[in-house]
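Novice: Before I ask anything, here is the structure I am working with.
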Amino acid sequence: MSTIKVDNLQTTGGAPLHSARAWVNFNGTGTVSIRDNSNVSSITDNGTGTYTSNFSVAIPSSNYSYAVSAVWNSTASSQMHAGRRNNSVMTTTAFYHESSNNLGSAFTPSDSPEFVSTVFY
Amino acid sequence: MTEYTKYRVVFDDPDNLDETTKVLIPAKEWLDEAMAGKLPPIWVYWQLQDDENKAREEGRIESFSHDPEKHELQWKAPRIGPLTEEEAMEYLVMKDLPRKCWAEEHNRPMFRIVRTEEVPSDRQFRNAWEMVE
């Protein structure tokens with residue numbers, strides 16, 4: 001395998017390209033397991049619908065951007081929400097995120113068979 | 001390439017013992033790198049964690065960025081050499097678990113490295129499950 005080292009990525013037209021710093025796709029149901037990832041050393045199962053992604057290489061700054069999504073594990077009519085609580089851990093070495101659904105009247109933590117988290121910086 | 005690891009780490013937060021016992025799941029790719037000898041000394045990560053914790057305590061976390069030289073040590077520091085799978089799990093404990101779980105003394109162990117099949121696969125059972133010595 002070869003390694004390409006560059007400081008900047010650009011399209012052939014000169015537009016800047018930015019790749020993800022880290023991403024992970026995991027099954028949050030049953031025996032929780034990581035399907036695939038980049039720059040993630042582990043995930044932590046903190047309880048129903050709540051997980052932490054731990055980065056292999058720390059992000060340079062705490063002001064990174066992230067995107068998370070979660071698949072709803074049911075045919076029942078409801079919505080699945082994935083995100084981060086305002087007061088939860090978001091450090092350069094770890095990122096806390098959670099999934100919830102509104103199968104009841106309010107959103108409550110819920111495990112997802114496919115949770116995806118991506119970090120950009 | 002290793003087969004997917006047979007290990008998990010279960011741990012409790014010493015500050016919140018009423019919370020559910022947590023389970024750390026290692027990434028296969030990271031374990032492959034650890035066993036291939038591609039990791040830096042663990043203090044490289046501790047140094048970054050300490051700097052960030054200090055910034056948080058001093059109210060500077062909103063604009064916090066790592067010292068570039070310290071950050072680059074993650075890939076520039078001399079590698080520590082190949083680890084066994086068990087050694088890699090111990091390294092991961094010191095890297096990804098809250099330091100107070102393993103570095104401070106408590107009246108009982110706050111973490112254990114266990115086999116995957118020892119962790120309940122049922123969520124309701126796992127949430128009620130407690131780590132015992």
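Residues in the structure tokens are numbered from 1 in each chain, the chains being A, B, ... in the order shown, and ligands are numbered from 1 in the order shown.
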Please list as a ChimeraX atom specification every residue within 9 Å of A:Tyr66, counting only C-alpha atoms and excluding residues in the same chain fewer than 6 positions away.
Specialist: /A:117-121
Novice: Could you pull the residues within 7 Å of stretch 27-38 of chain A, counting only C-alpha atoms, minus those fewer than 4 positions along the same chain, as a ChimeraX atom specification?
Specialist: /A:22-23,111-115 /B:25,27,121-123
Novice: What separation in Å, quoted to one decimal, exists between atom CA of B:Arg126 and atom CA of A:Val89?
Specialist: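 These atoms are spaced 22.4 Å apart.
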Novice: With 8 Å as the limit and counting only C-alpha atoms, what residues in chain B lie close to chain A? Please list them as number ranges by chain.
Specialist: B: 20-27, 29-31, 49, 52, 61-66, 68, 71, 74, 92, 96, 119-123, 127
Novice: Could you pull out the strand (DSSP E) residues of chain A, going by DSSP on the backbone, and write them as a PyMOL selection string?
Specialist: chain A and resi 9-10+16-17+22-27+33-38+40-47+50-55+65-70+80-83+94-101+108-109+115-120
Novice: Report, in Å with one decimal, the straight-line distance from atom CA of A:Ser77 to atom CA of A:Glu98.
Specialist: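 These two atoms are separated by 20.0 Å.
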Novice: Find the residue from B:Lys95, B:Gly59, B:Lys54, B:Pro41 that sits nearest to B:Gly81; use only C-alpha atoms when measuring.
Specialist: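 Among the listed residues, B:Pro41 lies closest to B:Gly81.
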